[in-house]
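These notes concern the structure reproduced below.
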Amino acid sequence: MAVKTFRPITPSRRYITVASFDEVTKGRPERKLVEVRKKTGGRNCYGRVTARGIGGGHKQKIRIIDFKRNKIGVAATVKAIEYDPIRSARIALLEYKDGEKRYIIAPDGLRVGATLMSGPDAPPEVGNSLPLKSIPVGLSIHNIELIPGRGGQLVRAAGGAATLMSRDEGYALVRLPSGEIRKINEKCYATIGQVGNLEHENVVLGKAGRSRHLGIRPITRGVARNPVDHPNGGGAGKAKSGGGWQQLTSPWGLLAKGYRTRDRRKRSSRFIVIRRDGRPMKSR
């Protein structure tokens, strides 16, 4: 995918960049594989705002993605590469030999007409889904399961790729995009290849209106408010880092810098071998 730039005829056009959509081959989605996305505006069931900065935006439809890839041994043909408005990656429409159609996340290099398959006997080629015990060591993978049969939960964003490093005692060591090395049950499935739409990180919104199209509302900085409205508000002059005794917090007083939010007693911590900061995980 390439990123298109524009002549700076207007101030917003000076920095704005747009995805080219060259790889997209179909406009309208499959009617049976979409459902309307109901928007909440950041409000809960009582009508109270629980997530600020959410609201408005263009109407969207949810594409039902097959994260489980559980049609074992049934060949499928790639019919189209499509755009998904609620995710950064492109999606691919598969049609199986029995006539069923499903969407999957489109890996980089997948083309219309390719034949894909899932299962332990599938060849380790781009787009095929295999258990970790059947994938050659060193390959790039995405859409990785954490619990066998639950469906892919890790590495699903545009350009994402993990690396299968080794296998030992029923577990596979996988290096995630964050740098974390994690043990995953070798019965879990993963898809071969890197997630497509690699240039997504280079897209610049360029103007406030594009944020509003995405349903993102503006939020005022805490340091720009009054003390009654935010813990970071008030003070004489500016203090970007908090300044003096003040520590940057959320509107409810939760520390925003230097405060680890992960539960120290979380059970899944025992599967982390190397943390994303490069340090080994301490056993408890």
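Chain labels follow the order of the structure tokens: the first chain is A, the next B, and so on; residue numbering restarts at 1 in every chain, and ligands are counted from 1 in their shown order.
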For this session: From a DSSP calculation on the backbone, collect every residue of segment 118-193 of chain A in strand (DSSP E or B) and output the set as an MDAnalysis selection string.
Result: chainID A and resid 118 129:131 140:142 144:145 152:154 162:168 171:175 181:185 189:192
For this session: Write out as a list of chain:residue names the residues lying within 10 Å of Arg63 of chain A, counting only C-alpha atoms and excluding same-chain residues fewer than 5 positions away.
Result: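 Final neighbour list, sorted by chain and number: A:Pro29, A:Glu30, A:Arg31, A:Lys32, A:Leu33, A:Val34, A:Glu35, A:Val36, A:Arg37, A:Tyr83, A:Asp84, A:Pro85, A:Ile86, A:Arg87, A:Ile91, A:Arg102, A:Tyr103, A:Ile104.
Residues in contact range of Gly222 of chain A, defined as at most 9 Å between only C-alpha atoms, with sequence neighbours fewer than 3 positions away removed, read Ile219, Arg225, Asn226, Asp229, His230, Pro231, Asn232, Gly233, Leu248, Thr249, Ser250 and Pro251 of chain A.
With only C-alpha atoms as the atoms that count, the minimum distance from Ala89 of chain A to the choices A:Arg270, A:His200, A:Arg275, A:Arg212 is reached by A:His200.
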Problem set entry | Nearby residues (only C-alpha atoms) at most 12 Å from Gly149 of chain A, same-chain spacing under 4 positions excluded, as a ChimeraX atom specification | /A:67-71,131,144-145,153,185-190
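Rounded to one decimal, atom CA of Ala19 of chain A and atom CA of Val155 of chain A lie 21.1 Å from each other.
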Just the residues within 7 Å of Ile81 of chain A, please, counting only C-alpha atoms, with nothing from its chain fewer than 5 positions along; format it as an mmCIF file with C-alpha atoms, in the first residue's frame.
```
data_model
loop_
_atom_site.group_PDB
_atom_site.id
_atom_site.type_symbol
_atom_site.label_atom_id
_atom_site.label_comp_id
_atom_site.auth_asym_id
_atom_site.auth_seq_id
_atom_site.Cartn_x
_atom_site.Cartn_y
_atom_site.Cartn_z
ATOM 1 C CA GLU A 23 -4.999 -3.424 -2.954
ATOM 2 C CA VAL A 24 -8.770 -3.145 -2.362
ATOM 3 C CA THR A 25 -10.637 -5.041 -5.093
ATOM 4 C CA LYS A 26 -14.242 -4.815 -3.901
ATOM 5 C CA ARG A 90 -7.507 -4.973 5.259
ATOM 6 C CA ILE A 91 -9.751 -8.043 5.186
ATOM 7 C CA ALA A 92 -9.956 -10.884 2.676
ATOM 8 C CA LEU A 93 -13.136 -12.616 1.550
#
```
Exercise. Neighbours of Phe271 of chain A within 6 Å (only C-alpha atoms; same-chain residues fewer than 2 positions away dropped), as an MDAnalysis selection string?
Worked result: chainID A and resid 182:183 268:269
Would you mind exporting the chosen residues as a JSON list (two decimals), in the first residue's frame, restricted to N, CA and C atoms?
```json
[["chain", "number", "residue", "atom", "x", "y", "z"],
["A", 182, "ARG", "N", 6.76, -14.60, 24.97],
["A", 182, "ARG", "CA", 5.71, -15.24, 25.75],
["A", 182, "ARG", "C", 5.58, -16.71, 25.40],
["A", 183, "LYS", "N", 5.26, -17.52, 26.40],
["A", 183, "LYS", "CA", 4.99, -18.93, 26.18],
["A", 183, "LYS", "C", 3.51, -19.11, 25.84],
["A", 268, "SER", "N", -1.63, -14.92, 34.34],
["A", 268, "SER", "CA", -0.98, -15.10, 33.05],
["A", 268, "SER", "C", 0.46, -14.61, 33.04],
["A", 269, "SER", "N", 0.91, -13.97, 34.12],
["A", 269, "SER", "CA", 2.29, -13.48, 34.16],
["A", 269, "SER", "C", 3.30, -14.62, 34.10]]
```
Problem set entry | Spatial neighbours of Lys39 of chain A, 9 Å, only C-alpha atoms, chain gap at least 3 places, as a ChimeraX atom specification | /A:42,55-56,59
Resulting file, chosen residues, C-alpha atoms, as a PDB file, in the first residue's frame:
```
ATOM      1  CA  GLY A  42     -19.185   6.896  25.429  1.00  0.00           C
ATOM      2  CA  GLY A  55     -19.212  10.468  19.838  1.00  0.00           C
ATOM      3  CA  GLY A  56     -20.437  11.266  16.356  1.00  0.00           C
ATOM      4  CA  LYS A  59     -22.037   5.345  10.306  1.00  0.00           C
TER       5      LYS A  59
END
```
For this session: Identify all residues of segment 116-236 of chain A in helix (DSSP H, G or I) (DSSP on the backbone) and supply them as a list in words.
Result: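 The residues of segment 116-236 of chain A classed as helix (DSSP H, G or I) are Leu132, Lys133, Ser134, Leu198, Glu199, His200, Glu201, Asn202, Ala208, Gly209, Arg210, Ser211, Arg212, His213, Gly222, Val223 and Ala224 of chain A.
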Seminar exercise, completed: A straight line from atom CA of Arg111 of chain A to atom CA of Val126 of chain A spans 10.2 Å
For this session: Go through A:Arg150, A:Val74, A:Arg260, A:Leu94 and flag the residue nearest Met117 of chain A, using only C-alpha atoms for the distances.
Result: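 Among the listed residues, A:Val74 lies closest to Met117 of chain A.
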Problem set entry | Among listed residues A:Leu154, A:Leu110, A:Ile62, A:Val204, nearest Arg14 of chain A (using only C-alpha atoms) | A:Val204
